[in-house]
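Engineer: Structure file coords-v6.cif (mmCIF, C-alpha atoms and all ligand atoms) is given on the next line.
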```cif
data_final
loop_
_atom_site.label_atom_id
_atom_site.label_comp_id
_atom_site.auth_asym_id
_atom_site.auth_seq_id
_atom_site.Cartn_x
_atom_site.Cartn_y
_atom_site.Cartn_z
CA MET F 1 101.66 -9.48 38.89
CA TYR F 2 102.15 -13.09 38.00
CA VAL F 3 102.65 -13.70 34.29
CA LYS F 4 101.85 -17.07 32.82
CA LYS F 5 105.03 -19.03 32.26
CA GLN F 6 104.60 -19.94 28.62
CA THR F 7 104.78 -16.29 27.70
CA GLN F 8 107.33 -15.59 30.42
CA TYR F 9 110.08 -17.94 29.33
CA SER F 10 109.52 -19.29 25.88
CA GLN F 11 108.09 -16.61 23.71
CA ASN F 12 111.30 -14.86 22.77
CA ARG F 13 113.02 -18.07 21.72
CA PRO F 14 113.30 -18.85 18.05
CA ASN F 15 111.84 -22.05 16.64
CA LEU F 16 114.19 -24.99 16.50
CA SER F 17 116.34 -25.30 13.38
CA SER F 18 116.40 -28.53 11.39
CA GLU F 19 119.93 -29.09 12.66
CA GLN F 20 118.64 -28.85 16.23
CA HIS F 21 115.86 -31.31 15.37
CA ASP F 22 118.48 -33.76 14.11
CA GLN F 23 120.54 -33.32 17.25
CA ILE F 24 117.48 -33.86 19.42
CA SER F 25 116.66 -37.10 17.52
CA ALA F 26 120.24 -38.26 18.01
CA ALA F 27 120.05 -37.37 21.70
CA ALA F 28 116.78 -39.30 22.09
CA ARG F 29 118.42 -42.38 20.51
CA ILE F 30 121.38 -42.14 22.90
CA LEU F 31 119.01 -41.88 25.86
CA CYS F 32 116.91 -44.86 24.73
CA GLU F 33 120.10 -46.90 24.48
CA GLY F 34 121.03 -46.07 28.08
CA GLY F 35 123.38 -43.13 27.45
CA THR F 36 123.56 -39.71 29.06
CA VAL F 37 122.78 -36.34 27.45
CA ALA F 38 123.29 -32.87 28.94
CA PHE F 39 120.50 -30.54 27.84
CA PRO F 40 119.44 -26.92 28.37
CA THR F 41 116.54 -25.88 30.55
CA GLU F 42 115.34 -22.40 31.46
CA THR F 43 117.04 -22.73 34.90
CA VAL F 44 120.39 -24.51 34.45
CA TYR F 45 121.70 -27.33 32.22
CA GLY F 46 120.63 -30.83 33.26
CA LEU F 47 122.47 -34.14 32.98
CA GLY F 48 119.79 -36.49 31.68
CA ALA F 49 119.25 -40.23 31.59
CA ASP F 50 116.22 -42.45 30.94
CA VAL F 51 114.47 -42.63 34.31
CA THR F 52 113.21 -46.14 33.57
CA ASN F 53 116.72 -47.52 33.00
CA PRO F 54 118.56 -48.10 36.31
CA TYR F 55 121.84 -48.68 34.50
CA ALA F 56 121.57 -45.27 32.82
CA VAL F 57 120.50 -43.56 36.04
CA ASN F 58 123.58 -45.02 37.75
CA LYS F 59 125.76 -43.24 35.25
CA ILE F 60 124.46 -39.88 36.47
CA TYR F 61 125.66 -40.60 39.99
CA THR F 62 129.05 -41.73 38.72
CA ILE F 63 129.54 -38.76 36.40
CA LYS F 64 128.46 -36.22 39.02
CA GLN F 65 130.29 -38.02 41.83
CA ARG F 66 127.08 -37.61 43.74
CA PRO F 67 126.20 -39.76 46.77
CA THR F 68 123.65 -42.34 45.66
CA ASP F 69 121.13 -41.49 48.37
CA HIS F 70 120.54 -38.00 46.92
CA PRO F 71 117.39 -38.10 44.82
CA LEU F 72 117.16 -36.83 41.24
CA ILE F 73 114.58 -34.53 39.69
CA VAL F 74 112.49 -36.19 37.00
CA HIS F 75 111.64 -34.07 33.95
CA ILE F 76 108.42 -34.78 32.12
CA GLY F 77 107.05 -33.36 28.86
CA ASN F 78 103.39 -32.85 29.63
CA ILE F 79 101.16 -32.31 32.66
CA SER F 80 98.94 -35.16 31.47
CA HIS F 81 101.85 -37.52 32.29
CA LEU F 82 101.96 -36.44 35.92
CA GLN F 83 99.70 -39.20 37.20
CA TYR F 84 101.82 -41.82 35.49
CA TRP F 85 104.86 -40.83 37.61
CA ALA F 86 103.19 -39.66 40.84
CA GLN F 87 100.15 -40.54 42.91
CA ALA F 88 97.95 -39.05 45.64
CA ILE F 89 98.62 -35.63 44.15
CA PRO F 90 97.34 -32.85 46.47
CA GLU F 91 94.98 -30.20 45.15
CA PHE F 92 97.59 -27.49 45.76
CA ALA F 93 100.07 -29.41 43.61
CA TRP F 94 97.64 -29.46 40.68
CA LYS F 95 97.06 -25.77 41.13
CA LEU F 96 100.77 -24.97 41.10
CA ALA F 97 101.57 -27.35 38.24
CA SER F 98 98.84 -26.00 36.01
CA HIS F 99 99.93 -22.41 36.62
CA PHE F 100 103.70 -22.73 36.53
CA TRP F 101 104.46 -25.63 34.17
CA PRO F 102 106.38 -25.56 31.94
CA GLY F 103 108.52 -23.53 34.33
CA PRO F 104 111.10 -23.44 37.12
CA LEU F 105 109.03 -25.32 39.70
CA THR F 106 109.75 -28.80 41.07
CA LEU F 107 107.03 -30.60 43.01
CA ILE F 108 107.90 -33.33 45.50
CA LEU F 109 105.10 -35.88 45.28
CA GLN F 110 104.41 -39.48 46.22
CA ARG F 111 106.04 -41.60 43.56
CA SER F 112 104.19 -44.15 41.44
CA ARG F 113 105.46 -47.66 40.75
CA HIS F 114 107.16 -46.39 37.59
CA ILE F 115 109.80 -44.58 39.65
CA SER F 116 112.52 -46.79 41.13
CA ASP F 117 114.50 -46.49 44.36
CA ARG F 118 117.51 -45.69 42.24
CA VAL F 119 115.99 -42.33 41.27
CA THR F 120 114.63 -41.32 44.68
CA GLY F 121 117.49 -42.52 46.84
CA GLY F 122 115.01 -44.94 48.44
CA GLN F 123 112.49 -42.25 49.43
CA ASP F 124 108.86 -42.77 48.51
CA THR F 125 108.60 -39.30 47.01
CA VAL F 126 109.78 -38.04 43.64
CA GLY F 127 110.66 -34.54 42.43
CA LEU F 128 108.93 -33.71 39.11
CA ARG F 129 108.96 -30.74 36.77
CA ILE F 130 108.27 -29.70 33.18
CA PRO F 131 111.13 -27.50 31.96
CA ALA F 132 110.28 -24.40 29.90
CA HIS F 133 112.87 -24.74 27.18
CA PRO F 134 112.06 -25.72 23.59
CA VAL F 135 115.06 -28.06 23.32
CA ALA F 136 114.23 -29.84 26.59
CA LEU F 137 110.56 -30.12 25.63
CA ALA F 138 111.34 -31.42 22.14
CA LEU F 139 113.69 -34.00 23.65
CA LEU F 140 111.07 -35.15 26.17
CA ASN F 141 108.43 -35.37 23.44
CA ALA F 142 110.78 -37.42 21.27
CA LEU F 143 111.11 -39.93 24.12
CA GLY F 144 107.35 -40.48 24.42
CA PRO F 145 104.94 -40.53 27.38
CA ASP F 146 106.30 -43.66 29.09
CA LYS F 147 109.79 -42.21 29.41
CA ALA F 148 111.08 -39.23 31.36
CA LEU F 149 114.47 -37.76 32.11
CA ALA F 150 116.11 -38.06 35.47
CA ALA F 151 118.30 -34.97 35.40
CA PRO F 152 120.20 -33.18 38.11
CA SER F 153 122.17 -30.07 37.27
CA ALA F 154 125.07 -31.00 34.96
CA ASN F 155 127.91 -30.20 37.37
CA ARG F 156 130.02 -32.28 39.71
CA PHE F 157 128.53 -32.63 43.18
CA GLY F 158 128.82 -29.41 45.21
CA LYS F 159 130.06 -27.27 42.32
CA ILE F 160 128.45 -24.34 40.52
CA SER F 161 125.59 -25.29 38.21
CA PRO F 162 126.20 -24.77 34.47
CA THR F 163 124.20 -22.11 32.65
CA THR F 164 125.87 -22.58 29.23
CA ALA F 165 126.87 -25.62 27.17
CA ALA F 166 130.50 -24.46 27.54
CA HIS F 167 130.23 -24.76 31.34
CA VAL F 168 129.02 -28.34 30.93
CA ARG F 169 131.90 -29.15 28.60
CA GLU F 170 134.39 -27.69 31.05
CA GLU F 171 132.89 -29.48 34.00
CA LEU F 172 131.97 -32.90 32.59
CA GLY F 173 133.60 -32.96 29.13
CA SER F 174 133.80 -36.37 27.53
CA LYS F 175 132.08 -38.10 30.46
CA VAL F 176 128.67 -37.39 28.91
CA ASP F 177 127.65 -38.97 25.61
CA MET F 178 126.23 -35.76 24.16
CA ILE F 179 125.74 -32.11 25.08
CA LEU F 180 122.80 -30.30 23.49
CA ASP F 181 123.51 -26.59 23.18
CA GLY F 182 120.48 -24.37 23.73
CA GLY F 183 122.30 -21.15 24.54
CA ALA F 184 122.55 -19.42 27.89
CA CYS F 185 119.84 -20.33 30.42
CA GLU F 186 117.18 -17.70 30.77
CA ILE F 187 116.76 -17.85 34.56
CA GLY F 188 120.22 -19.01 35.63
CA LEU F 189 119.21 -20.36 39.06
CA GLU F 190 117.71 -23.77 39.81
CA SER F 191 113.99 -24.38 40.14
CA THR F 192 111.98 -23.62 43.25
CA ILE F 193 111.30 -26.93 45.04
CA ILE F 194 107.97 -27.40 46.83
CA SER F 195 107.05 -30.32 49.04
CA PHE F 196 103.72 -31.11 50.67
CA HIS F 197 103.14 -32.04 54.28
CA ASP F 198 99.56 -32.88 55.16
CA GLN F 199 98.71 -31.52 51.69
CA LEU F 200 100.18 -28.09 52.54
CA PRO F 201 102.97 -26.71 50.35
CA ALA F 202 106.37 -25.65 51.74
CA VAL F 203 109.40 -24.31 49.89
CA LEU F 204 112.40 -26.67 50.24
CA ARG F 205 114.65 -24.69 47.93
CA PRO F 206 113.99 -21.10 46.85
CA GLY F 207 114.57 -20.72 43.13
CA GLY F 208 113.36 -19.50 39.78
CA ILE F 209 109.82 -18.70 40.96
CA ALA F 210 109.37 -15.90 43.49
CA LEU F 211 107.50 -16.60 46.72
CA SER F 212 105.07 -13.79 45.95
CA ALA F 213 104.12 -15.50 42.66
CA LEU F 214 103.50 -18.80 44.48
CA GLU F 215 101.47 -17.08 47.16
CA SER F 216 99.31 -15.22 44.70
CA VAL F 217 98.46 -18.46 42.90
CA LEU F 218 97.83 -20.37 46.14
CA ASP F 219 96.01 -17.40 47.64
CA SER F 220 97.74 -18.02 50.97
CA PRO F 221 101.18 -17.52 52.58
CA ILE F 222 103.72 -20.25 51.95
CA ILE F 223 106.16 -21.75 54.46
CA VAL F 224 109.89 -21.67 53.68
CA ALA F 225 111.49 -24.77 55.17
CA HIS F 226 114.70 -22.94 56.16
CA ASN F 227 117.28 -25.00 57.94
CA VAL F 228 114.63 -27.30 59.31
CA ASN F 229 115.72 -30.79 60.13
CA GLN F 230 114.34 -32.30 56.98
CA ALA F 231 113.60 -35.98 56.86
CA VAL F 232 114.25 -35.82 53.13
CA ARG F 233 117.69 -35.55 51.62
CA THR F 234 118.00 -32.54 49.36
CA SER F 235 121.55 -32.07 48.19
CA GLY F 236 120.82 -28.52 47.14
CA SER F 237 119.94 -27.94 50.77
CA LEU F 238 123.30 -29.02 52.16
CA PRO F 239 124.96 -25.95 53.72
CA ALA F 240 127.97 -26.19 51.41
CA HIS F 241 126.91 -26.35 47.78
CA TYR F 242 127.14 -24.46 44.52
CA ALA F 243 130.68 -23.45 45.49
CA PRO F 244 133.48 -21.89 43.43
CA ALA F 245 137.04 -23.00 44.23
CA THR F 246 138.11 -19.45 45.15
CA PRO F 247 137.14 -18.59 48.75
CA LEU F 248 133.96 -16.52 48.70
CA LYS F 249 132.73 -14.42 51.61
CA ILE F 250 129.66 -12.25 52.07
CA TYR F 251 129.90 -8.85 53.77
CA SER F 252 127.48 -6.04 54.39
CA THR F 253 127.65 -2.91 52.24
CA ALA F 254 129.19 -1.05 55.18
CA GLN F 255 131.95 -3.61 55.83
CA ILE F 256 132.98 -4.94 52.47
CA GLU F 257 135.53 -2.33 51.51
CA LYS F 258 137.31 -2.48 54.86
CA GLU F 259 137.59 -6.28 54.59
CA ALA F 260 138.94 -6.03 51.04
CA THR F 261 141.53 -3.48 52.12
CA THR F 262 142.67 -5.72 55.00
CA LEU F 263 143.17 -8.64 52.58
CA ALA F 264 144.94 -6.47 50.02
CA ALA F 265 147.31 -5.30 52.77
CA GLN F 266 148.40 -8.96 52.98
CA SER F 267 149.20 -8.89 49.25
CA LEU F 268 146.07 -10.88 48.40
CA ARG F 269 144.17 -10.23 45.18
CA VAL F 270 140.56 -9.46 45.91
CA LEU F 271 137.43 -9.19 43.81
CA ILE F 272 134.46 -7.30 45.22
CA ILE F 273 131.08 -8.17 43.71
CA ARG F 274 128.61 -5.37 44.38
CA TRP F 275 125.02 -4.61 43.55
CA SER F 276 124.62 -1.24 45.27
CA ASP F 277 125.37 2.11 43.75
CA ILE F 278 128.62 3.69 44.80
CA ASP F 279 131.02 6.09 43.23
CA LYS F 280 132.46 3.72 40.61
CA SER F 281 135.42 5.97 39.89
CA GLN F 282 136.65 5.72 43.47
CA LEU F 283 140.14 4.21 43.51
CA LEU F 284 140.83 1.32 45.81
CA ASP F 285 144.04 -0.62 46.35
CA PRO F 286 145.44 -1.91 43.01
CA LEU F 287 145.02 -5.45 44.31
CA ILE F 288 141.26 -4.89 44.61
CA GLN F 289 138.97 -5.12 41.61
CA GLN F 290 135.27 -4.42 41.64
CA PHE F 291 132.47 -5.90 39.60
CA PHE F 292 129.01 -4.39 39.52
CA MET F 293 126.08 -6.75 39.24
CA PRO F 294 122.60 -5.65 38.13
CA GLN F 295 120.38 -4.17 40.80
CA ASP F 296 117.31 -6.20 40.02
CA PRO F 297 117.18 -9.78 41.31
CA ILE F 298 116.04 -11.32 37.99
CA SER F 299 119.06 -10.03 36.04
CA TYR F 300 121.38 -10.69 38.99
CA GLY F 301 120.18 -14.31 39.26
CA LYS F 302 120.54 -14.87 35.54
CA GLN F 303 124.22 -13.85 35.61
CA LEU F 304 125.28 -15.17 38.99
CA TYR F 305 126.60 -18.65 38.11
CA ALA F 306 128.15 -17.52 34.82
CA ARG F 307 130.01 -14.76 36.68
CA LEU F 308 131.15 -17.11 39.41
CA HIS F 309 132.46 -19.52 36.74
CA GLU F 310 134.28 -16.66 35.09
CA PHE F 311 135.75 -15.17 38.28
CA ASP F 312 136.76 -18.59 39.51
CA GLN F 313 139.04 -18.90 36.45
CA ALA F 314 140.63 -15.50 37.14
CA ALA F 315 143.51 -15.30 39.58
CA PHE F 316 141.78 -13.91 42.66
CA ASP F 317 142.66 -15.07 46.15
CA TYR F 318 139.30 -13.96 47.51
CA ILE F 319 135.87 -13.10 46.18
CA LEU F 320 133.94 -10.77 48.50
CA VAL F 321 130.26 -10.43 47.75
CA GLU F 322 128.10 -7.59 48.98
CA ALA F 323 125.15 -9.07 50.92
CA PRO F 324 122.03 -8.86 48.73
CA PRO F 325 119.04 -6.78 49.89
CA ASP F 326 116.99 -8.38 52.63
CA HIS F 327 113.89 -8.79 50.51
CA PRO F 328 111.97 -11.97 49.48
CA ALA F 329 112.74 -11.35 45.80
CA TRP F 330 116.42 -11.96 46.60
CA LEU F 331 115.86 -15.17 48.58
CA ALA F 332 117.19 -17.64 45.98
CA ILE F 333 120.28 -15.50 45.36
CA THR F 334 121.05 -15.10 49.07
CA ASP F 335 120.54 -18.85 49.50
CA ARG F 336 123.03 -19.76 46.74
CA LEU F 337 125.60 -17.20 47.90
CA GLN F 338 125.45 -18.51 51.46
CA ARG F 339 126.04 -22.06 50.26
CA ALA F 340 128.89 -20.88 48.03
CA SER F 341 130.48 -19.13 51.02
CA TYR F 342 129.94 -21.89 53.55
CA HIS F 343 133.51 -23.19 53.65
CA HIS F 344 134.87 -19.75 54.13
CA LEU F 345 133.84 -18.50 57.57
CA THR F 346 132.34 -15.08 58.21
CA ILE F 347 128.88 -14.33 56.94
CA THR F 348 127.65 -10.93 57.99
O1 LIG F 401 116.30 -26.26 37.97
C1 LIG F 401 116.51 -27.39 38.37
O2 LIG F 401 115.84 -27.91 39.29
C2 LIG F 401 117.64 -28.17 37.70
C3 LIG F 401 117.27 -28.44 36.25
C4 LIG F 401 118.29 -29.31 35.56
O3 LIG F 401 116.00 -29.00 36.19
N1 LIG F 401 117.89 -29.39 38.38
C5 LIG F 401 118.47 -29.45 39.59
O4 LIG F 401 118.70 -30.74 40.01
O5 LIG F 401 118.79 -28.48 40.24
P1 LIG F 401 119.65 -31.12 41.21
O6 LIG F 401 119.66 -32.60 41.30
O7 LIG F 401 120.94 -30.46 41.07
O8 LIG F 401 118.85 -30.59 42.43
C6 LIG F 401 117.62 -31.18 42.69
C7 LIG F 401 117.28 -31.10 44.12
C8 LIG F 401 118.30 -31.84 44.92
O9 LIG F 401 118.67 -31.03 46.00
C9 LIG F 401 117.56 -33.09 45.33
O10 LIG F 401 118.03 -33.63 46.51
C10 LIG F 401 116.13 -32.57 45.42
O11 LIG F 401 116.03 -31.75 44.31
N2 LIG F 401 115.17 -33.63 45.32
C11 LIG F 401 114.93 -34.44 44.29
N3 LIG F 401 114.00 -35.37 44.62
C12 LIG F 401 113.65 -35.12 45.88
C13 LIG F 401 112.76 -35.73 46.81
N4 LIG F 401 112.04 -36.79 46.48
N5 LIG F 401 112.66 -35.20 48.04
C14 LIG F 401 113.38 -34.11 48.39
N6 LIG F 401 114.25 -33.51 47.58
C15 LIG F 401 114.39 -34.01 46.35
MG MG F 402 122.51 -29.34 41.49
#
```
Produce structure tokens that represent the structure in this file.
Structural biologist:
Amino acid sequence: MYVKKQTQYSQNRPNLSSEQHDQISAAARILCEGGTVAFPTETVYGLGADVTNPYAVNKIYTIKQRPTDHPLIVHIGNISHLQYWAQAIPEFAWKLASHFWPGPLTLILQRSRHISDRVTGGQDTVGLRIPAHPVALALLNALGPDKALAAPSANRFGKISPTTAAHVREELGSKVDMILDGGACEIGLESTIISFHDQLPAVLRPGGIALSALESVLDSPIIVAHNVNQAVRTSGSLPAHYAPATPLKIYSTAQIEKEATTLAAQSLRVLIIRWSDIDKSQLLDPLIQQFFMPQDPISYGKQLYARLHEFDQAAFDYILVEAPPDHPAWLAITDRLQRASYHHLTIT
């Protein structure tokens, strides 16, 4: 059953300390002066800039090395601000926003005059969401209702999204003016992105909210815009994205061991990432290591990027991932793994 997001993501977080309040005030000042601040959300860390300041927004593209025609998600602090940033908002969008915000849902809506071409890559739509993280919300509230944060994930273009402040430091380091540390992200995968065609919602990017939860709120099935020739540019929908530097391949449960053994026979060091239950004491080639991920998609998704960061630093020649179960609850995970494996041939 769908659980309301406030309780789902924020309840178990402690209140902000006075030190965090000071850091948030400092971050708000930096943003108002046109600087950049990386901040935690419940999905992944974002690289934020004042959406109303084109000079600041430019910095995001430079820091991320992201093509300038790829639009940014705009983070707002309150649903009552939605009509300031978007217009002609469909009924379904209101329904979704009021159920899932704050939460891992991005809505693609017609932009208002307050959103510039710089933010949308020239498109007349804008992606908006309210993040469910006390640090992000406090930062947005400190900025006030006529400001919002343009914030893509705080990684270089095409790389794995950061789920800790340490990942951001590693990836962007001194290029950002400030990094707010809010601990490890609770969801660990990016938001679900929904667009509207003729008022009807479609999923552009599977993510932190399960399809079944969306469908139960909408009371109807929802389309997943898989590999359709989208008129919009969604960088998270490029086939190669979210990629570690180590070659990553996906194999079925039946095949994975055989593939690992073939690679090990060529003196290559292989990591197998599994989710299914096998005899863990079984000995494979010494060049093969195994890592067992959780069997439920929520815990798997939460760890995925952090594990890929970690394994990418280790000296493996190949990462072989066991194909996730073919079930809608695993859609976002399968999607990210396929993008991470895109450069590296076989997907079975
Ligand atoms: O969970 C998230 O969504 C994280 C956190 C930081 O909020 N943000 C994130 O941003 O993943 P980014 O920029 O890495 O991915 C946002 C995706 C991109 O693929 C972008 O192209 C798409 O949203 N997007 C933004 N505005 C859009 C628009 N107007 N039309 C279509 N796609 C859009
Ligand atoms: Mg991203």
Engineer: Ligand LIG 401 (chain F): which residues are within 8 Å, counting all atoms listed in the file, as a PyMOL selection string?
Structural biologist: chain F and resi 40-47+70-75+104-106+108-109+119-121+123-129+131+151-155+161+189-193+195+204-205+207-208+232-238
Engineer: Record the distance separating atom CA of Lys175 of chain F and atom CA of Ile63 of chain F, expressed in Å with one decimal.
Structural biologist: 6.5 Å
Engineer: For Pro328 of chain F, find every residue with an atom within 10 Å (counting all atoms listed in the file), except residues of its own chain fewer than 6 positions away, and show them as an MDAnalysis selection string.
Structural biologist: chainID F and resid 206 210:212 297 334
Engineer: Check the smallest atom-to-atom distance from each of F:His21, F:Arg156, F:Lys258, F:Lys147 to ligand MG 402 (chain F) using all atoms listed in the file, then report the winner.
Structural biologist: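 Checking each candidate against ligand MG 402 (chain F), we get F:Arg156 as the closest.
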Engineer: How many Å lie between atom CA of Gly188 of chain F and atom CA of Ala332 of chain F, rounded to one decimal?
Structural biologist: 10.9 Å
Engineer: Around (120.1, -8.1, 40.2), as given in the file, which residues come within 12 Å? Count all atoms listed in the file and list them as a list in words.
Structural biologist: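 Residues with an atom close enough to that point: Ile187, Gly188, Ile273, Arg274, Trp275, Ser276, Phe292, Met293, Pro294, Gln295, Asp296, Pro297, Ile298, Ser299, Tyr300, Gly301, Lys302, Gln303, Leu304, Glu322, Ala323, Pro324, Pro325, Ala329, Trp330, Leu331, Ala332, Ile333 and Thr334 of chain F.
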Engineer: Neighbourhood query: residues within 9 Å of (137.1, -21.5, 43.6), file coordinates, counting only C-alpha atoms; return as a PDB file with C-alpha atoms, in the frame of the given file.
Structural biologist:
```pdb
ATOM      1  CA  ALA F 243     130.680 -23.450  45.490  1.00  0.00           C
ATOM      2  CA  PRO F 244     133.480 -21.890  43.430  1.00  0.00           C
ATOM      3  CA  ALA F 245     137.040 -23.000  44.230  1.00  0.00           C
ATOM      4  CA  THR F 246     138.110 -19.450  45.150  1.00  0.00           C
ATOM      5  CA  PRO F 247     137.140 -18.590  48.750  1.00  0.00           C
ATOM      6  CA  LEU F 248     133.960 -16.520  48.700  1.00  0.00           C
ATOM      7  CA  LEU F 308     131.150 -17.110  39.410  1.00  0.00           C
ATOM      8  CA  HIS F 309     132.460 -19.520  36.740  1.00  0.00           C
ATOM      9  CA  PHE F 311     135.750 -15.170  38.280  1.00  0.00           C
ATOM     10  CA  ASP F 312     136.760 -18.590  39.510  1.00  0.00           C
ATOM     11  CA  GLN F 313     139.040 -18.900  36.450  1.00  0.00           C
ATOM     12  CA  PHE F 316     141.780 -13.910  42.660  1.00  0.00           C
ATOM     13  CA  ASP F 317     142.660 -15.070  46.150  1.00  0.00           C
ATOM     14  CA  TYR F 318     139.300 -13.960  47.510  1.00  0.00           C
ATOM     15  CA  ILE F 319     135.870 -13.100  46.180  1.00  0.00           C
TER      16      ILE F 319
END
```
Engineer: Could you jot down the atom CA of Ile223 of chain F to atom CA of Gln110 of chain F separation for me, Å, one decimal place?
Structural biologist: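 Result for atom CA of Ile223 of chain F versus atom CA of Gln110 of chain F: 19.6 Å, one decimal.
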Engineer: Restricting the calculation to all atoms listed in the file, which member of F:Pro201, F:Thr253, F:Pro162, F:Ala49 is positioned closest to ligand MG 402 (chain F)?
Structural biologist: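 Of F:Pro201, F:Thr253, F:Pro162, F:Ala49, the one nearest ligand MG 402 (chain F), counting all atoms listed in the file, is F:Pro162.
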Engineer: Which residue gives the smallest distance to Ala165 of chain F among F:Leu271, F:Val37, F:Val321, F:Cys32, with only C-alpha atoms counted?
Structural biologist: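 Closest candidate: F:Val37.
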Engineer: Have a look at F:Gly173, F:Arg66, F:Ser98, F:Ser25 and name the one nearest to Gly158 of chain F; count all atoms listed in the file.
Structural biologist: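 Nearest to Gly158 of chain F: F:Arg66.
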Engineer: Residues within 6 Å of Ile194 of chain F, please, as a PyMOL selection string. Count all atoms listed in the file; anything in the same chain fewer than 3 positions from it doesn't count.
Structural biologist: chain F and resi 107+202-204
Engineer: Between F:Asn78, F:Gln23, F:Ser18, F:Thr62, which residue has the minimum interatomic distance to Leu137 of chain F, considering only C-alpha atoms?
Structural biologist: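 Closest residue, counting only C-alpha atoms: F:Asn78.
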Engineer: Which residues are close to Gln87 of chain F, i.e. within 9 Å by all atoms listed in the file, leaving aside same-chain residues fewer than 3 positions away? Reply as an MDAnalysis selection string.
Structural biologist: chainID F and resid 82:84 90 109:112
Engineer: Considering only C-alpha atoms and all ligand atoms, state which residue in the set F:Ile209, F:Val176, F:Ala264, F:Ile60 is at the smallest distance from ligand MG 402 (chain F).
Structural biologist: F:Ile60
